[in-house]
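**Q** Following this message is one structure expressed as structure tokens.
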Amino acid sequence: MSTETEEFLAEMIHAQSAADAEIHNGDPAPRIALWSHRDPVSLFGANLTTIGWSQVEPSFHEVASWFSGSIAWDFEIVHAHASGDLAYTVAFENSEAITGGAPRKYRLRVTHLYRREDGVWKIIHRHADFEPDSTTPLFDEGQP
């Protein structure tokens, strides 16, 4: 891992982890603060997709409304790299939160893209999806 990548991770990941835990407590403000408010930005979430800051920002309020308590949250980085003013992370998010009045555990595969703006790293894209069920076949019987 390059020094540039280590510096990026040291600057960004703790704040991002704290913000993502807070959205599970119903508070979108820390996540909103970490995102670029300059287009292009995009969110390909596990449950919704929006493009452009005018749509992305309200979606964080919607996501926060789904949760009423963070029990546990972990950001497990698989790959990360920073070069110049662009960076990315590929990770798993392991969450346990209160939603619909009951605790729920889930694991997301996530990719984030970051852009350095005025010397500060900002998130510009998030793609998240649920891990496929290992019992779900990739192909129907008789297909390659």
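So you can find residues: chains in the structure tokens are A, B, ... in the order shown, residues in each start at 1, and ligands are numbered from 1 in order.
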Which residues, written as a PDB file with C-alpha atoms, in the first residue's frame, have at least one atom at most 9 Å from segment 29-43 of chain A, with only C-alpha atoms counted and residues fewer than 3 positions away on the same chain left out?
**A**
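The resulting out.pdb:
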```pdb
ATOM      1  CA  MET A  12     -11.158   9.298   5.667  1.00  0.00           C
ATOM      2  CA  ALA A  15     -14.883   9.607   9.848  1.00  0.00           C
ATOM      3  CA  GLN A  16     -16.730   7.485   7.286  1.00  0.00           C
ATOM      4  CA  ALA A  18     -18.534   7.007  12.397  1.00  0.00           C
ATOM      5  CA  ALA A  19     -20.902   8.628   9.868  1.00  0.00           C
ATOM      6  CA  ASP A  20     -22.243   5.282   8.700  1.00  0.00           C
ATOM      7  CA  GLU A  22     -24.750   7.442  12.867  1.00  0.00           C
ATOM      8  CA  ILE A  23     -27.027   6.974   9.880  1.00  0.00           C
ATOM      9  CA  LEU A  48     -32.348   2.980  -3.802  1.00  0.00           C
ATOM     10  CA  THR A  49     -30.472   4.727  -6.591  1.00  0.00           C
ATOM     11  CA  THR A  50     -30.066   8.484  -7.080  1.00  0.00           C
ATOM     12  CA  ILE A  51     -27.862  10.675  -9.252  1.00  0.00           C
ATOM     13  CA  GLY A  52     -26.859  14.282  -8.605  1.00  0.00           C
ATOM     14  CA  TRP A  53     -26.496  16.019  -5.256  1.00  0.00           C
ATOM     15  CA  SER A  54     -30.052  17.377  -5.405  1.00  0.00           C
ATOM     16  CA  GLN A  55     -31.275  13.763  -5.278  1.00  0.00           C
ATOM     17  CA  VAL A  56     -28.492  12.133  -3.264  1.00  0.00           C
ATOM     18  CA  GLU A  57     -28.793  14.411  -0.230  1.00  0.00           C
ATOM     19  CA  SER A  59     -31.945  10.039  -0.040  1.00  0.00           C
ATOM     20  CA  PHE A  60     -29.693  10.086   3.033  1.00  0.00           C
ATOM     21  CA  HIS A  61     -32.579  11.505   5.063  1.00  0.00           C
ATOM     22  CA  TYR A 114     -13.624   9.717  -3.490  1.00  0.00           C
ATOM     23  CA  ARG A 115     -12.447  13.054  -4.864  1.00  0.00           C
ATOM     24  CA  GLU A 117     -11.828  18.930  -3.054  1.00  0.00           C
ATOM     25  CA  TRP A 121     -11.497  13.952   0.681  1.00  0.00           C
ATOM     26  CA  LYS A 122     -15.184  13.731  -0.246  1.00  0.00           C
ATOM     27  CA  ILE A 123     -17.253  10.726  -1.311  1.00  0.00           C
ATOM     28  CA  ILE A 124     -18.580  11.026  -4.870  1.00  0.00           C
ATOM     29  CA  HIS A 125     -20.071   7.561  -5.458  1.00  0.00           C
ATOM     30  CA  ARG A 126     -21.340   4.631  -3.423  1.00  0.00           C
ATOM     31  CA  HIS A 127     -22.404   1.299  -4.828  1.00  0.00           C
ATOM     32  CA  ALA A 128     -23.781  -1.181  -2.295  1.00  0.00           C
TER      33      ALA A 128
END
```
**Q** Skipping near chain neighbours, those fewer than 3 positions away, what residues fall within 7 Å of segment 95-107 of chain A using only C-alpha atoms, listed as a PyMOL selection string?
**A** chain A and resi 24+66-74+92+130-131
**Q** How would the residues just chosen look if you wrote them out with C-alpha atoms as a JSON list (two decimals), in the first residue's frame?
**A**
```
[["chain", "number", "residue", "atom", "x", "y", "z"],
["A", 24, "HIS", "CA", -28.14, 3.75, 11.62],
["A", 66, "TRP", "CA", -35.38, 3.50, 8.21],
["A", 67, "PHE", "CA", -33.23, 3.06, 11.35],
["A", 68, "SER", "CA", -33.63, 3.82, 15.04],
["A", 69, "GLY", "CA", -30.43, 2.45, 16.55],
["A", 70, "SER", "CA", -26.99, 1.19, 15.65],
["A", 71, "ILE", "CA", -25.94, -1.89, 17.60],
["A", 72, "ALA", "CA", -22.74, -2.76, 15.73],
["A", 73, "TRP", "CA", -21.07, -1.58, 12.55],
["A", 74, "ASP", "CA", -17.83, -2.63, 10.87],
["A", 92, "PHE", "CA", -17.82, -5.15, 3.27],
["A", 130, "PHE", "CA", -26.41, -7.46, -0.51],
["A", 131, "GLU", "CA", -24.16, -10.48, -0.78]]
```
**Q** Where does DSSP see strand (DSSP E or B) in segment 61-121 of chain A, if you list the residues as a VMD selection string?
**A** chain A and resid 67 to 83 86 to 99 102 to 117 120 to 121
**Q** For those residues, write N, CA and C atoms to a file as a short mmCIF file (atom, residue, chain, number, x, y, z; two decimals), in the first residue's frame.
**A**
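Contents of result.cif, freshly written:
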```
data_model
loop_
_atom_site.label_atom_id
_atom_site.label_comp_id
_atom_site.auth_asym_id
_atom_site.auth_seq_id
_atom_site.Cartn_x
_atom_site.Cartn_y
_atom_site.Cartn_z
N PHE A 67 -33.94 3.61 10.20
CA PHE A 67 -33.23 3.06 11.35
C PHE A 67 -33.51 3.85 12.62
N SER A 68 -33.45 3.14 13.75
CA SER A 68 -33.63 3.82 15.04
C SER A 68 -32.57 3.43 16.05
N GLY A 69 -31.51 2.77 15.62
CA GLY A 69 -30.43 2.45 16.55
C GLY A 69 -29.37 1.58 15.92
N SER A 70 -28.12 1.98 16.11
CA SER A 70 -26.99 1.19 15.65
C SER A 70 -26.49 0.33 16.80
N ILE A 71 -26.44 -0.96 16.58
CA ILE A 71 -25.94 -1.89 17.60
C ILE A 71 -24.46 -2.18 17.35
N ALA A 72 -24.13 -2.48 16.10
CA ALA A 72 -22.74 -2.76 15.73
C ALA A 72 -22.56 -2.40 14.27
N TRP A 73 -21.36 -1.93 13.93
CA TRP A 73 -21.07 -1.58 12.55
C TRP A 73 -19.58 -1.77 12.33
N ASP A 74 -19.24 -2.38 11.19
CA ASP A 74 -17.83 -2.63 10.87
C ASP A 74 -17.61 -2.41 9.39
N PHE A 75 -16.52 -1.74 9.05
CA PHE A 75 -16.13 -1.47 7.66
C PHE A 75 -14.89 -2.29 7.39
N GLU A 76 -15.04 -3.36 6.64
CA GLU A 76 -13.96 -4.32 6.38
C GLU A 76 -13.40 -4.06 4.98
N ILE A 77 -12.27 -3.37 4.90
CA ILE A 77 -11.70 -2.98 3.61
C ILE A 77 -11.01 -4.17 2.96
N VAL A 78 -11.35 -4.40 1.70
CA VAL A 78 -10.74 -5.46 0.90
C VAL A 78 -9.62 -4.87 0.05
N HIS A 79 -9.89 -3.74 -0.63
CA HIS A 79 -8.90 -3.02 -1.44
C HIS A 79 -9.12 -1.53 -1.25
N ALA A 80 -8.04 -0.79 -1.35
CA ALA A 80 -8.12 0.67 -1.33
C ALA A 80 -6.93 1.23 -2.07
N HIS A 81 -7.12 2.37 -2.70
CA HIS A 81 -6.01 3.02 -3.39
C HIS A 81 -6.33 4.50 -3.53
N ALA A 82 -5.31 5.32 -3.41
CA ALA A 82 -5.43 6.76 -3.64
C ALA A 82 -4.30 7.19 -4.55
N SER A 83 -4.63 8.06 -5.50
CA SER A 83 -3.62 8.60 -6.41
C SER A 83 -4.07 9.99 -6.82
N LEU A 86 -7.97 11.37 -6.58
CA LEU A 86 -8.99 10.33 -6.66
C LEU A 86 -8.59 9.13 -5.81
N ALA A 87 -9.61 8.47 -5.24
CA ALA A 87 -9.35 7.29 -4.42
C ALA A 87 -10.58 6.38 -4.50
N TYR A 88 -10.38 5.13 -4.08
CA TYR A 88 -11.50 4.20 -4.01
C TYR A 88 -11.30 3.25 -2.84
N THR A 89 -12.40 2.68 -2.38
CA THR A 89 -12.37 1.57 -1.44
C THR A 89 -13.34 0.51 -1.92
N VAL A 90 -12.97 -0.73 -1.71
CA VAL A 90 -13.84 -1.88 -1.93
C VAL A 90 -13.91 -2.56 -0.57
N ALA A 91 -15.11 -2.79 -0.07
CA ALA A 91 -15.23 -3.25 1.32
C ALA A 91 -16.52 -4.03 1.54
N PHE A 92 -16.58 -4.58 2.75
CA PHE A 92 -17.82 -5.15 3.27
C PHE A 92 -18.25 -4.29 4.44
N GLU A 93 -19.54 -4.02 4.53
CA GLU A 93 -20.10 -3.37 5.70
C GLU A 93 -20.92 -4.41 6.44
N ASN A 94 -20.56 -4.63 7.68
CA ASN A 94 -21.28 -5.56 8.54
C ASN A 94 -22.06 -4.74 9.55
N SER A 95 -23.38 -4.82 9.48
CA SER A 95 -24.24 -3.97 10.29
C SER A 95 -25.20 -4.77 11.15
N GLU A 96 -25.44 -4.25 12.33
CA GLU A 96 -26.56 -4.70 13.15
C GLU A 96 -27.23 -3.43 13.65
N ALA A 97 -28.51 -3.27 13.30
CA ALA A 97 -29.21 -2.04 13.62
C ALA A 97 -30.68 -2.34 13.90
N ILE A 98 -31.34 -1.38 14.53
CA ILE A 98 -32.77 -1.48 14.79
C ILE A 98 -33.50 -0.87 13.60
N THR A 99 -34.33 -1.66 12.97
CA THR A 99 -35.15 -1.19 11.87
C THR A 99 -36.52 -1.85 12.00
N ALA A 102 -37.09 -3.79 15.34
CA ALA A 102 -36.41 -5.05 15.67
C ALA A 102 -34.96 -5.00 15.19
N PRO A 103 -34.07 -5.71 15.91
CA PRO A 103 -32.67 -5.77 15.46
C PRO A 103 -32.56 -6.57 14.16
N ARG A 104 -31.68 -6.12 13.30
CA ARG A 104 -31.45 -6.80 12.03
C ARG A 104 -29.96 -6.78 11.72
N LYS A 105 -29.42 -7.93 11.33
CA LYS A 105 -28.02 -8.03 10.90
C LYS A 105 -28.00 -8.16 9.39
N TYR A 106 -27.05 -7.46 8.76
CA TYR A 106 -26.88 -7.63 7.32
C TYR A 106 -25.46 -7.26 6.92
N ARG A 107 -25.07 -7.75 5.76
CA ARG A 107 -23.73 -7.54 5.21
C ARG A 107 -23.89 -7.02 3.79
N LEU A 108 -23.24 -5.89 3.51
CA LEU A 108 -23.27 -5.30 2.18
C LEU A 108 -21.88 -5.34 1.56
N ARG A 109 -21.85 -5.54 0.25
CA ARG A 109 -20.63 -5.33 -0.53
C ARG A 109 -20.68 -3.87 -0.99
N VAL A 110 -19.62 -3.10 -0.74
CA VAL A 110 -19.66 -1.67 -1.06
C VAL A 110 -18.40 -1.22 -1.78
N THR A 111 -18.60 -0.32 -2.72
CA THR A 111 -17.50 0.36 -3.40
C THR A 111 -17.77 1.85 -3.28
N HIS A 112 -16.75 2.59 -2.86
CA HIS A 112 -16.85 4.04 -2.77
C HIS A 112 -15.77 4.67 -3.65
N LEU A 113 -16.13 5.77 -4.29
CA LEU A 113 -15.17 6.60 -5.01
C LEU A 113 -15.09 7.93 -4.29
N TYR A 114 -13.87 8.48 -4.23
CA TYR A 114 -13.62 9.72 -3.49
C TYR A 114 -12.89 10.71 -4.40
N ARG A 115 -13.14 11.99 -4.15
CA ARG A 115 -12.45 13.05 -4.86
C ARG A 115 -11.95 14.05 -3.82
N ARG A 116 -10.71 14.47 -3.96
CA ARG A 116 -10.20 15.49 -3.05
C ARG A 116 -10.63 16.86 -3.57
N GLU A 117 -11.33 17.61 -2.71
CA GLU A 117 -11.83 18.93 -3.05
C GLU A 117 -11.30 19.93 -2.04
N VAL A 120 -9.61 18.33 0.85
CA VAL A 120 -10.37 17.44 1.74
C VAL A 120 -11.00 16.33 0.90
N TRP A 121 -10.88 15.08 1.38
CA TRP A 121 -11.50 13.95 0.68
C TRP A 121 -13.01 13.98 0.86
#
```
**Q** When you draw a straight line from atom CA of Asp27 of chain A to atom CA of His14 of chain A, how long is it in Å?
**A**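 Result for atom CA of Asp27 of chain A versus atom CA of His14 of chain A: 16.8 Å, one decimal.
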**Q** From a backbone DSSP assignment, name each residue in segment 12-86 of chain A labelled alpha helix (DSSP H), as a PyMOL selection string.
**A** chain A and resi 12-23+29-34+53-65
**Q** Distance atom CA of Glu11 of chain A-atom CA of Asp85 of chain A, one decimal place?
**A**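 Separation between atom CA of Glu11 of chain A and atom CA of Asp85 of chain A: 13.4 Å.
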**Q** As an exercise, work out the distance from atom CA of Phe44 of chain A to atom CA of Glu4 of chain A in Å and give it to one decimal place.
**A** 26.9 Å
